[in-house]
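Participant: Pasting a structure below so you can have a look.
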Number of protein chains: 2
Amino acid sequence: MAKSLENVFNPRSIAVIGASEVPGKAAERRTRSLLEGGYAGDVYLVNPKRSEIFGRKAYPSLKEVGKEVDLVIIVVAPRFVTAAVKDSVEAGAGGIIIITAGMGETGEEGKRIEHEILDMAAQAGTHIIGPNCSGMFSSSARMNLLGIPGLMGGSLSVLAQSGNVIDSISHYAGIYNAGFSKIISVGNAIGVKIHDYLDYLKNDPDTAVIATYLEGIKNGDELVRAARRTVPEKPIVALKVGRSGAGARAAASHTGSLAGDDAVVDAAFRQAGIVRVSNVDELFDIAGALRSCPVPRGNRVAILSEGGGDNSIAADNAERFGLQVPLLSGETQQRMKPFLLAGMPASNPIDYGGTAEENPHMITECVRVCMESDEVDGLYMTGFFGGFKDIIASHVAVLEENTARELVALVEEFQKPLVVHTSFAREGIPSLDILKEAGIPVLESSERAAECLGALATYASNRRKTAAAQVPTPEPRPMPEVTALFEAVRKDGRKNLLETESRDLLSLYGIPVPEAVLARTAEETYQATVEFSCPTALKIVCSDIIHKSDAGGIKLNINPGGDAAAAFDAIIENACRISEPSRVRGALVSPMAPEGQECIAGMVRDPQFGPVIMFGLGGIFVEILKDVSFRVAPLDGEEVDEMIREIKGFPLLAGARGRKPRDLDAVKEILLALSRIAVDNPEISEIDLNPIIVHEKGASIVDSRMLLSR
Amino acid sequence: MAKSLENVFNPRSIAVIGASEVPGKAAERRTRSLLEGGYAGDVYLVNPKRSEIFGRKAYPSLKEVGKEVDLVIIVVAPRFVTAAVKDSVEAGAGGIIIITAGMGETGEEGKRIEHEILDMAAQAGTHIIGPNCSGMFSSSARMNLLGIPGLMGGSLSVLAQSGNVIDSISHYAGIYNAGFSKIISVGNAIGVKIHDYLDYLKNDPDTAVIATYLEGIKNGDELVRAARRTVPEKPIVALKVGRSGAGARAAASHTGSLAGDDAVVDAAFRQAGIVRVSNVDELFDIAGALRSCPVPRGNRVAILSEGGGDNSIAADNAERFGLQVPLLSGETQQRMKPFLLAGMPASNPIDYGGTAEENPHMITECVRVCMESDEVDGLYMTGFFGGFKDIIASHVAVLEENTARELVALVEEFQKPLVVHTSFAREGIPSLDILKEAGIPVLESSERAAECLGALATYASNRRKTAAAQVPTPEPRPMPEVTALFEAVRKDGRKNLLETESRDLLSLYGIPVPEAVLARTAEETYQATVEFSCPTALKIVCSDIIHKSDAGGIKLNINPGGDAAAAFDAIIENACRISEPSRVRGALVSPMAPEGQECIAGMVRDPQFGPVIMFGLGGIFVEILKDVSFRVAPLDGEEVDEMIREIKGFPLLAGARGRKPRDLDAVKEILLALSRIAVDNPEISEIDLNPIIVHEKGASIVDSRMLLSR
């Protein structure tokens with residue numbers, strides 16, 4: 001029975017094994033930040049070589065402390081870690097933070113030690129944090145075990161796989177006077193995993209938003225599920241590296257984690273409602289906006305500035321980050337006009353002209369019109385606000401401060417986000433401090449301001465979707481018929497299913513497959529084609545042949561009758577060249593599929609995220625343009641709708657430019673069934689439905705392949 | 001005969017018409033910045049309402065000054081502008097800067113005044129700058145007519161269509177202690193145009209790099225030519241707004257310029273070798289890097305950091321900005337290893353680990369190995385350099401300063417760019433000041449550091465291409481045969497060429513067209529198909545029919561003989577339903593094109609850039625995926641190669657995945673001929689070659705349409 005993580009985040013007592021006062025050492029920095037950070041519980045410093053550290057008693061061992069300890073932080077050489085963990089468990093520790101590096105990430109011996117430690121801890125219900133981590137900060141406990149001085153309390157929590165990124169984000173926080181609820185360096189995460197932390201932070205009243213830095217992901221499915229539970233409550237922003245080959249290489253060498261296929265990561269994050277970013281400053285800014293701004297209803301923004309150039313730039317930025325800059329209605333423009341100079345545009349972007357620099361109150365009036373308008377979900381102010389006093393004259397400072405207070409009141413009243421870009425953002429100006437203190441993001445970069453509003457709109461949509469998601473519990477529930485089918489495949493010494501078997505399995509899951517007859521002889525083939533009385537396709541059915549086309553095992557457009565018998569003989573002959581004749585089962589005869597749009601669908605198991613469903617158009621779309629979408633199973637209907645619509649070739653399915661609209665519901669049914677098959681039957685490692693011909697009504701799965709992992 | 005622009009940038013005397021000392025007014029700010037900026041020539045302040053301004057004599061009019069004046073700046077109400085210009089011209093001014101707004105951008109009356117002014121000035125050879133501009137700064141003359149205090153000298157020149165953007169970039173320069181050579185607010189640019197300024201700045205010894213902000217472009221072709229001349233000498237970075245619909249809307253309302261199709265702008269800038277950015281801070285940073293860094297040989301970067309997280313992020317950033325992060329050879333890694341901790345990766349990214357924080361000299365050693373290596377063109381340092389003293393201990397400060405000097409020496413010695421990202425970039429740290437003073441970019445944003453290196457690599461490539469470009473002079477040289485052909489079309493009251501005429505024109509330009517016969521009767525059609533003795537296509541030839549297919553004017557795959565006669569009758573009948581029978585010329589009979597990849601090519605005249613050539617694959621690629629490339633004519637061979645290769649569907653032409661490779665030379669010849677046709681014959685407003693079937697050898701232009709503008 002695991003102890004509560006409260007022992008970790010709000011311990012009554014802390015022991016530091018390997019405490020030090022040698023300047024610059026990892027142990028010294030952490031000992032010092034703990035002692036200086038204001039922690040109110042008991043602290044025990046353990047170091048057998050010292051009697052005193054920073055003027056406090058140093059214990060030769062944890063045993064000598066002779067008291068129960070809630071949390072232990074271990075900063076010793078790898079060879080001493082096992083004993084230190086043993087002592088900690090015996091001292092009743094609820095959590096052990098292992099800073100020590102050189103463990104599992106360096107090879108087999110390190111992995112062995114990690115297992116040993118984990119077993120010991122598991123028996124006692126003790127949580128292991130790390131190893132190879134840089135520590136932890138918890139503002140509720142005033143506990144700073146990171147060795148980074150000066151961390152302040154706040155409502156942002158950070159979960160990171162790199163200590164170096166924690167240093168960066170702490171540094172930014174220092175620049176912007178921002179604080180943290182929890183900072184967790186997860187290290188090798190052999191005990192407490194990212195998803196465990198997420199579950200804790202989800203319920204942590206001090207945490208309003210979670211920022212995370214990820215290199216490799218080990219339990220992607222658990223991460224997705226935990227994120228899905230969290231996002232309806234609070235936003236998650238993730239910086240996941242490895243988009244590029246070299247990025248993955250750097251990450252792999254860094255943590256020993258494998259960076260996976262980035263398209264799958266992207267898909268999984270979308271499903272989980274995680275907002276993804278690429279840099280640390282971006283992580284900090286976006287998390288900041290999500291922490292303090294009202295969540296908008298949509299993505300329509302009004303852009304306002306005293307400068308036309310800034311407005312044009314902002315409009316381009318906005319659309320780049322998925323925002324709409326709607327043309328405001330005549331009515332709204334009319335309401336704005338009295339506050340603008342004659343001739344200045346109110347259509348959006350709104351240009352209140354240079355006179356705002358002398359009379360900033362006109363900004364309030366314009367913002368109020370936007371706040372009151374149903375056509376606007378968020379506001380993007382750009383220009384030089386706060387610096388008018390420098391541009392015009394010092395008496396404007398007071399007017400800017402008044403305006404700032406009015407803007408704060410408007411955000412409060414209407415609960416729409418306002419993000420401010422100003423060139424003066426970082427200059428310690430009272431009017432801007434008024435905005436910042438009220439949680440209005442004030443940014444030096446116009447692009448970042450747009451990105452913040454874009455992230456707010458994305459989160460609004462993610463929150464709605466994750467809260468509404470009807471995702472089935474991913475619990476395998478194989479059908480007895482399917483189990484029997486796999487048994488037969490295994491008995492035959494195969495991993496690949498015959499097409500007849502794949503078809504049976506699809507049928508069991510309610511996916512219609514085209515009519516077909518397994519013909520064992522030329523005579524049976526002849527008969528079958530005559531009965532179909534239309535052009536047919538013949539496909540070899542043979543235990544040894546997976547790629548039927550390459551093996552000369554397919555004949556298309558066979559007319560009923562004599563041709564059919566000859567075609568049968570030809571493909572059987574081809575098959576017998578590469579297979580035992582006894583393993584050649586015959587030919588599957590089926591009518592040629594009617595005209596339609598060629599698609600493909602499939603399933604693979606991602607090492608990080610588990611079953612991944614893929615969809616795309618066939619032919620050049622998949623081969624040349626790589627125009628496919630991914631989602632992690634299990635899928636719900638809305639996710640499937642999204643994955644069908646996000647491929648670039650979607651207009652071909654929807655019926656663009658006079659083309660016939662295809663049966664999207666049939667595609668949806670196939671993808672949902674693939675998801676169920678993937679979840680129910682973990683022994684299937686791969687499914688390939690290729691091609692699927694999608695008609696105006698219905699879809700024909702023309703070929704299907706499945707592979708078992710065992 | 002125009003006077004020299006030296007009168008504008010280095011005037012011996014300046015008069016301010018409308019000078020003022022009323023605080024906060026546009027005229028006051030400019031009067032003051034001129035008087036306080038250190039200008040050494042004569043200054044005359046003109047204002048009929050004052051006898052003294054800022055303690056200096058104020059003249060009632062320019063006439064009263066009674067001396068020749070090189071440069072006049074006019075800051076008066078619109079109704080006084082004409083008289084002020086007249087006075088200026090009479091005073092022998094070489095240049096007149098008109099700040100006054102409310103001119104051509106507001107309507108017809110303003111445009112009329114602009115014409116009047118321009119005529120007066122043109123006769124005297126006087127340059128008009130503006131109107132509706134915010135002024136000018138010239139460091140060589142210590143002349144500040146912008147009203148922005150504190151501008152310093154430097155080697156960056158700025159050309160901007162928005163005063164507000166000049167305010168922003170000046171503000172950034174203030175933050176970063178950077179200076180300018182020239183700053184020019186171009187305003188409505190009725191006299192001196194962007195390309196004139198470019199030509200001046202190209203030869204200005206004080207200017208090392210040109211940054212420009214553009215909303216609408218009025219003389220795009222001239223701009224492209226001037227940029228092409230400039231880029232081999234010095235880089236141009238452009239922030240052009242209007243990528244989005246709302247951005248174009250904001251720009252249009254701001255300057256009265258029309259923002260054009262952004263894909264054409266992108267293509268034109270690429271051809272001109274202009275580096276394009278989206279935000280003002282970006283413009284400033286990228287221009288800064290281009291100003292001070294050595295130009296690299298290629299795009300291969302080494303990434304170095306003391307932190308694995310920062311390295312992973314940097315690698316992703318690098319690839320996003322078009323850089324390669326090559327895996328270093330074993331040999332280079334071996335040379336690096338002695339300087340790294342055991343086990344730290346040297347493969348690139350290079351991780352010199354946390355010990356660099358105590359011993360920064362190891363950075364020098366690693367950087368030296370990269371500088372010496374042929375595998376690396378540029379260096380991207382990321383992390384906390386400069387802040388090691390804060391992280392570790394104060395004695396490290398001196399070590400960091402030494403390392404900074406060593407890095408400066410290495411850049412000097414090896415002439416490879418080094419760009420430094422550090423979280424401490426903006427904290428006034430001596431080690432970082434050493435780097436900055438030597439022109440090494442030091443940036444707080446890792447992403448921006450990557451973008452700087454990406455821009456350097458892009459400029460390196462642009463410089464090579466623009467210097468080598470063999471662009472023909474865009475001088476119309478119509479062939480007499482073509483002139484006669486157009487004459488015939490006009491006589492017939494048409495603007496559209498018949499297909500037979502388009503074919504003739506293409507042939508005159510050396511583009512092969514498929515064999516074809518114009519059949520006037522069913523009998524002639526019959527004969528033609530029998531002679532071709534293969535399946536043919538029949539297409540209506542009729543003065544009134546442009547869209548042949550819509551008019552039922554096309555029959556494909558007609559077998560020789562009787563079918564052909566029937567097909568002829570059918571399309572003639574269809575044509576006679578919508579056209580005078582006398583204007584139906586017959587049917588063009590040609591063999592069906594052999595198998596190949598369908599492509600399209602065309603020409604339109606862009607209002608800003610002139611003739612634009614388009615290329616793409618046919619069918620869904622152009623209809624659904626909008627997968628086309630553009631270039632502004634005239635084109636050279638390298639540009640055509642690029643435009644063929646940049647479409648996403650290029651692998652289909654190149655022969656991907658077992659497909660046949662198509663005749664790229666044939667495509668190239670067609671595009672080059674299109675370019676010549678477009679330049680030679682300004683009266684052609686549109687050309688559409690669709691489809692072109694590209695074979696393994698040769699290409700068939702299956703249909704062509706051309707339209708005259710007059």
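Chain labels run A, B, ... following the order of the structure tokens; each chain numbers its residues from 1, and ligands are numbered from 1 in the order shown.
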Give me, as a CSV table (one decimal) with all heavy atoms, in the first residue's frame, all polymer residues having an atom no more than 12 Å from segment 61-65 of chain B, counting only C-alpha atoms and skipping those fewer than 3 positions away in the same chain.
Facilitator:
chain,number,residue,atom,x,y,z
B,13,SER,N,22.7,72.1,-45.5
B,13,SER,CA,21.8,73.0,-44.7
B,13,SER,C,20.4,72.4,-44.8
B,13,SER,O,20.1,71.6,-45.7
B,13,SER,CB,21.8,74.4,-45.3
B,13,SER,OG,21.5,74.3,-46.7
B,14,ILE,N,19.7,72.6,-43.7
B,14,ILE,CA,18.3,72.1,-43.6
B,14,ILE,C,17.4,73.2,-43.1
B,14,ILE,O,17.7,74.0,-42.2
B,14,ILE,CB,18.3,71.0,-42.5
B,14,ILE,CG1,19.3,69.9,-42.9
B,14,ILE,CG2,16.9,70.4,-42.4
B,14,ILE,CD1,19.4,68.8,-41.8
B,15,ALA,N,16.2,73.3,-43.8
B,15,ALA,CA,15.2,74.1,-43.3
B,15,ALA,C,14.0,73.3,-42.8
B,15,ALA,O,13.6,72.3,-43.4
B,15,ALA,CB,14.7,75.1,-44.4
B,16,VAL,N,13.4,73.8,-41.7
B,16,VAL,CA,12.2,73.1,-41.2
B,16,VAL,C,11.0,74.0,-41.4
B,16,VAL,O,10.9,75.1,-40.8
B,16,VAL,CB,12.3,72.8,-39.7
B,16,VAL,CG1,11.1,72.0,-39.2
B,16,VAL,CG2,13.6,72.0,-39.5
B,17,ILE,N,10.1,73.7,-42.4
B,17,ILE,CA,8.9,74.6,-42.6
B,17,ILE,C,7.8,74.0,-41.7
B,17,ILE,O,7.4,72.9,-41.9
B,17,ILE,CB,8.5,74.6,-44.1
B,17,ILE,CG1,9.7,75.1,-44.9
B,17,ILE,CG2,7.3,75.4,-44.3
B,17,ILE,CD1,9.3,75.3,-46.4
B,18,GLY,N,7.4,74.9,-40.8
B,18,GLY,CA,6.4,74.4,-39.8
B,18,GLY,C,7.1,74.1,-38.4
B,18,GLY,O,6.5,73.3,-37.6
B,19,ALA,N,8.3,74.6,-38.2
B,19,ALA,CA,9.0,74.3,-37.0
B,19,ALA,C,8.2,74.7,-35.8
B,19,ALA,O,7.4,75.6,-35.9
B,19,ALA,CB,10.4,75.0,-37.0
B,42,ASP,N,24.0,74.2,-41.4
B,42,ASP,CA,23.1,75.3,-41.1
B,42,ASP,C,21.6,74.8,-41.0
B,42,ASP,O,21.2,74.0,-41.8
B,42,ASP,CB,23.1,76.4,-42.2
B,42,ASP,CG,24.5,77.0,-42.3
B,42,ASP,OD1,25.2,77.2,-41.2
B,42,ASP,OD2,25.0,77.3,-43.4
B,43,VAL,N,20.9,75.4,-40.0
B,43,VAL,CA,19.5,75.0,-39.8
B,43,VAL,C,18.7,76.3,-39.8
B,43,VAL,O,19.0,77.3,-39.2
B,43,VAL,CB,19.3,74.3,-38.4
B,43,VAL,CG1,17.8,74.1,-38.1
B,43,VAL,CG2,20.1,73.0,-38.4
B,44,TYR,N,17.6,76.3,-40.6
B,44,TYR,CA,16.7,77.4,-40.6
B,44,TYR,C,15.3,76.9,-40.2
B,44,TYR,O,14.8,76.0,-40.8
B,44,TYR,CB,16.6,78.0,-42.1
B,44,TYR,CG,18.0,78.3,-42.6
B,44,TYR,CD1,18.6,77.4,-43.6
B,44,TYR,CD2,18.7,79.4,-42.2
B,44,TYR,CE1,19.8,77.7,-44.1
B,44,TYR,CE2,20.0,79.6,-42.7
B,44,TYR,CZ,20.6,78.8,-43.6
B,44,TYR,OH,21.8,79.0,-44.1
B,45,LEU,N,14.8,77.6,-39.2
B,45,LEU,CA,13.4,77.2,-38.7
B,45,LEU,C,12.4,78.2,-39.3
B,45,LEU,O,12.6,79.4,-39.2
B,45,LEU,CB,13.4,77.3,-37.2
B,45,LEU,CG,14.4,76.4,-36.5
B,45,LEU,CD1,14.3,76.4,-35.0
B,45,LEU,CD2,14.4,74.9,-37.0
B,46,VAL,N,11.4,77.7,-39.9
B,46,VAL,CA,10.4,78.6,-40.6
B,46,VAL,C,9.1,78.4,-39.9
B,46,VAL,O,8.6,77.3,-39.8
B,46,VAL,CB,10.3,78.2,-42.1
B,46,VAL,CG1,9.2,79.1,-42.8
B,46,VAL,CG2,11.6,78.4,-42.8
B,47,ASN,N,8.5,79.5,-39.4
B,47,ASN,CA,7.2,79.5,-38.8
B,47,ASN,C,6.7,81.0,-38.8
B,47,ASN,O,7.3,81.8,-38.0
B,47,ASN,CB,7.2,78.9,-37.4
B,47,ASN,CG,5.8,78.7,-36.9
B,47,ASN,OD1,4.9,79.5,-37.2
B,47,ASN,ND2,5.6,77.7,-36.0
B,48,PRO,N,5.7,81.3,-39.6
B,48,PRO,CA,5.3,82.7,-39.7
B,48,PRO,C,4.7,83.3,-38.4
B,48,PRO,O,4.6,84.5,-38.2
B,48,PRO,CB,4.2,82.7,-40.8
B,48,PRO,CG,3.7,81.3,-40.9
B,48,PRO,CD,4.9,80.5,-40.5
B,49,LYS,N,4.3,82.3,-37.4
B,49,LYS,CA,3.7,82.8,-36.2
B,49,LYS,C,4.6,83.1,-35.1
B,49,LYS,O,4.2,83.5,-34.0
B,49,LYS,CB,2.6,81.8,-35.8
B,49,LYS,CG,1.5,81.6,-36.8
B,49,LYS,CD,0.4,80.7,-36.2
B,49,LYS,CE,-0.6,80.2,-37.3
B,49,LYS,NZ,-1.2,79.0,-37.0
B,50,ARG,N,5.9,82.7,-35.3
B,50,ARG,CA,6.8,82.9,-34.2
B,50,ARG,C,8.0,83.7,-34.7
B,50,ARG,O,8.4,83.6,-35.8
B,50,ARG,CB,7.4,81.5,-33.8
B,50,ARG,CG,6.3,80.5,-33.4
B,50,ARG,CD,6.0,80.6,-31.9
B,50,ARG,NE,4.8,79.8,-31.7
B,50,ARG,CZ,4.6,79.3,-30.5
B,50,ARG,NH1,5.3,79.5,-29.4
B,50,ARG,NH2,3.5,78.6,-30.3
B,51,SER,N,8.7,84.4,-33.7
B,51,SER,CA,9.9,85.0,-34.1
B,51,SER,C,11.1,84.2,-33.6
B,51,SER,O,12.2,84.3,-34.1
B,51,SER,CB,9.9,86.4,-33.5
B,51,SER,OG,9.8,86.3,-32.1
B,57,LYS,N,16.3,82.1,-34.1
B,57,LYS,CA,15.5,82.9,-34.9
B,57,LYS,C,14.6,82.0,-35.8
B,57,LYS,O,15.0,81.0,-36.3
B,57,LYS,CB,16.4,83.7,-35.9
B,57,LYS,CG,15.7,84.5,-37.0
B,57,LYS,CD,16.7,85.3,-37.8
B,57,LYS,CE,16.0,85.9,-39.1
B,57,LYS,NZ,14.9,86.8,-38.8
B,58,ALA,N,13.3,82.5,-35.8
B,58,ALA,CA,12.3,81.8,-36.7
B,58,ALA,C,12.0,82.7,-37.9
B,58,ALA,O,11.7,83.9,-37.7
B,58,ALA,CB,11.1,81.4,-35.9
B,68,GLU,N,20.5,79.4,-50.4
B,68,GLU,CA,20.2,78.0,-50.9
B,68,GLU,C,20.1,77.0,-49.7
B,68,GLU,O,20.8,77.2,-48.8
B,68,GLU,CB,21.4,77.6,-51.8
B,68,GLU,CG,21.4,78.3,-53.2
B,68,GLU,CD,21.5,77.3,-54.3
B,68,GLU,OE1,22.0,76.1,-54.0
B,68,GLU,OE2,21.1,77.6,-55.4
B,69,VAL,N,19.2,76.1,-49.9
B,69,VAL,CA,19.0,75.1,-48.8
B,69,VAL,C,19.0,73.7,-49.5
B,69,VAL,O,18.4,73.5,-50.5
B,69,VAL,CB,17.7,75.3,-48.1
B,69,VAL,CG1,17.4,74.2,-47.1
B,69,VAL,CG2,17.6,76.7,-47.4
B,71,LEU,N,18.2,70.7,-48.0
B,71,LEU,CA,17.1,69.8,-47.6
B,71,LEU,C,16.1,70.6,-46.9
B,71,LEU,O,16.4,71.3,-46.0
B,71,LEU,CB,17.7,68.6,-46.8
B,71,LEU,CG,16.6,67.6,-46.3
B,71,LEU,CD1,16.0,66.8,-47.4
B,71,LEU,CD2,17.3,66.6,-45.3
B,72,VAL,N,14.8,70.3,-47.2
B,72,VAL,CA,13.7,71.0,-46.5
B,72,VAL,C,12.8,69.9,-45.9
B,72,VAL,O,12.5,68.9,-46.6
B,72,VAL,CB,12.9,71.9,-47.4
B,72,VAL,CG1,11.7,72.5,-46.7
B,72,VAL,CG2,13.8,73.0,-48.1
B,73,ILE,N,12.4,70.1,-44.7
B,73,ILE,CA,11.4,69.2,-44.1
B,73,ILE,C,10.1,70.0,-43.9
B,73,ILE,O,10.2,71.1,-43.3
B,73,ILE,CB,11.9,68.4,-42.8
B,73,ILE,CG1,10.8,67.7,-42.1
B,73,ILE,CG2,12.7,69.4,-41.9
B,73,ILE,CD1,11.3,66.8,-41.0
B,74,ILE,N,9.0,69.5,-44.4
B,74,ILE,CA,7.8,70.2,-44.3
B,74,ILE,C,6.8,69.5,-43.3
B,74,ILE,O,6.5,68.3,-43.5
B,74,ILE,CB,7.1,70.3,-45.7
B,74,ILE,CG1,8.0,71.1,-46.7
B,74,ILE,CG2,5.7,70.9,-45.6
B,74,ILE,CD1,7.5,71.1,-48.1
B,80,PHE,N,-1.2,73.9,-46.9
B,80,PHE,CA,0.0,74.8,-47.0
B,80,PHE,C,1.2,74.0,-47.7
B,80,PHE,O,2.2,74.6,-48.0
B,80,PHE,CB,0.5,75.2,-45.7
B,80,PHE,CG,-0.5,76.0,-44.9
B,80,PHE,CD1,-0.9,75.6,-43.6
B,80,PHE,CD2,-1.1,77.2,-45.5
B,80,PHE,CE1,-1.9,76.3,-42.9
B,80,PHE,CE2,-2.1,77.9,-44.7
B,80,PHE,CZ,-2.5,77.5,-43.5
B,83,ALA,N,2.5,75.3,-51.4
B,83,ALA,CA,3.3,76.6,-51.3
B,83,ALA,C,4.7,76.3,-50.7
B,83,ALA,O,5.7,76.8,-51.2
B,83,ALA,CB,2.6,77.6,-50.5
B,84,ALA,N,4.7,75.4,-49.7
B,84,ALA,CA,6.0,75.1,-49.1
B,84,ALA,C,6.9,74.4,-50.0
B,84,ALA,O,8.1,74.7,-50.1
B,84,ALA,CB,5.7,74.3,-47.8
B,85,VAL,N,6.3,73.5,-50.9
B,85,VAL,CA,7.2,72.8,-51.9
B,85,VAL,C,7.7,73.8,-52.9
B,85,VAL,O,8.9,73.8,-53.3
B,85,VAL,CB,6.4,71.7,-52.5
B,85,VAL,CG1,7.1,71.2,-53.8
B,85,VAL,CG2,6.1,70.6,-51.6
B,86,LYS,N,6.8,74.8,-53.3
B,86,LYS,CA,7.2,75.8,-54.3
B,86,LYS,C,8.4,76.6,-53.7
B,86,LYS,O,9.5,76.7,-54.4
B,86,LYS,CB,6.0,76.7,-54.6
B,86,LYS,CG,6.3,77.7,-55.7
B,86,LYS,CD,4.9,78.2,-56.2
B,86,LYS,CE,5.1,79.2,-57.3
B,86,LYS,NZ,5.5,80.5,-56.7
B,87,ASP,N,8.3,77.0,-52.5
B,87,ASP,CA,9.4,77.8,-51.9
B,87,ASP,C,10.7,77.0,-51.8
B,87,ASP,O,11.8,77.5,-52.0
B,87,ASP,CB,9.0,78.2,-50.4
B,87,ASP,CG,7.9,79.3,-50.4
B,87,ASP,OD1,7.6,79.8,-51.5
B,87,ASP,OD2,7.4,79.6,-49.3
B,88,SER,N,10.5,75.7,-51.5
B,88,SER,CA,11.7,74.8,-51.3
B,88,SER,C,12.4,74.7,-52.7
B,88,SER,O,13.6,74.7,-52.7
B,88,SER,CB,11.3,73.4,-50.8
B,88,SER,OG,10.5,73.6,-49.6
B,89,VAL,N,11.6,74.4,-53.7
B,89,VAL,CA,12.2,74.3,-55.0
B,89,VAL,C,12.9,75.5,-55.4
B,89,VAL,O,14.1,75.5,-55.9
B,89,VAL,CB,11.1,73.9,-56.0
B,89,VAL,CG1,11.7,74.0,-57.5
B,89,VAL,CG2,10.6,72.5,-55.8
B,90,GLU,N,12.3,76.7,-55.1
B,90,GLU,CA,13.0,77.9,-55.4
B,90,GLU,C,14.2,78.2,-54.6
B,90,GLU,O,15.2,78.8,-55.1
B,90,GLU,CB,12.0,79.1,-55.2
B,90,GLU,CG,11.0,79.2,-56.4
B,90,GLU,CD,9.8,80.1,-56.1
B,90,GLU,OE1,9.8,80.8,-55.1
B,90,GLU,OE2,8.8,80.1,-56.9
B,91,ALA,N,14.3,77.6,-53.5
B,91,ALA,CA,15.5,77.8,-52.6
B,91,ALA,C,16.6,76.8,-53.1
B,91,ALA,O,17.6,76.6,-52.4
B,91,ALA,CB,15.1,77.6,-51.2
B,92,GLY,N,16.3,76.0,-54.1
B,92,GLY,CA,17.3,75.1,-54.7
B,92,GLY,C,17.4,73.8,-54.0
B,92,GLY,O,18.5,73.1,-54.0
B,93,ALA,N,16.4,73.4,-53.2
B,93,ALA,CA,16.5,72.2,-52.4
B,93,ALA,C,16.8,71.0,-53.3
B,93,ALA,O,16.2,70.8,-54.3
B,93,ALA,CB,15.2,72.0,-51.6
Participant: Might you pull out every residue within 9 Å of Leu201 of chain A, with only C-alpha atoms counted and same-chain residues fewer than 5 positions away left off, and present them as an MDAnalysis selection string?
Facilitator: chainID A and resid 157 182 196 206:210 230
Participant: Just write the chosen residues, C-alpha atoms, as a PDB file, in the first residue's frame.
Facilitator:
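So the final result, stored in again38.pdb, reads:
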ATOM      1  CA  SER A 157       3.634  23.757 -11.359  1.00  0.00           C
ATOM      2  CA  LYS A 182       5.518  22.718  -7.290  1.00  0.00           C
ATOM      3  CA  ASP A 196       1.293  10.007 -11.041  1.00  0.00           C
ATOM      4  CA  ASP A 206      -2.254  25.469  -5.138  1.00  0.00           C
ATOM      5  CA  THR A 207      -1.693  24.505  -8.779  1.00  0.00           C
ATOM      6  CA  ALA A 208      -3.594  26.372 -11.501  1.00  0.00           C
ATOM      7  CA  VAL A 209      -1.611  25.239 -14.534  1.00  0.00           C
ATOM      8  CA  ILE A 210       0.965  22.533 -15.257  1.00  0.00           C
ATOM      9  CA  THR A 230      -6.568  16.804 -15.692  1.00  0.00           C
TER      10      THR A 230
END
Participant: Within 9 Å of Lys240 of chain B, counting only C-alpha atoms, which residues qualify if same-chain residues fewer than 4 places away don't, as a list in words?
Facilitator: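 Near Lys240 of chain B, the qualifying residues are Ile313 of chain A; Thr212, Tyr213, Leu214, Glu215, Gly216, Val265, Arg276, Val277 and Ser278 of chain B.
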Participant: Among segment 156-199 of chain A, which residues carry a DSSP assignment of alpha helix (DSSP H), reported as a PyMOL selection string?
Facilitator: chain A and resi 163-176+194-199
Participant: Compile the contact shell of Ile175 of chain B as a ChimeraX atom specification: residues with an atom at most 12 Å away, counting only C-alpha atoms, same-chain residues fewer than 5 positions apart removed.
Facilitator: /A:423-427,444 /B:150-152,168-170,281,284,425-428
Participant: Show me, as a ChimeraX atom specification, the residues that have an atom within 9 Å of segment 600-617 of chain A when counting only C-alpha atoms, minus same-chain residues fewer than 4 positions from it.
Facilitator: /A:216-224,258-261,264-265,268,621-622,626-635,643-644,647,649-650,652-653,670-671,674-675,678-679,682,684-693
Participant: Which residues, written as a PDB file with C-alpha atoms, in the first residue's frame, have at least one atom at most 8 Å from Asn10 of chain A, with only C-alpha atoms counted and residues fewer than 6 positions away on the same chain left out?
Facilitator:
ATOM      1  CA  SER A 138       7.017  22.760  -2.995  1.00  0.00           C
ATOM      2  CA  SER A 140       3.077  24.865   0.290  1.00  0.00           C
ATOM      3  CA  ALA A 141       5.888  23.358   2.394  1.00  0.00           C
TER       4      ALA A 141
END
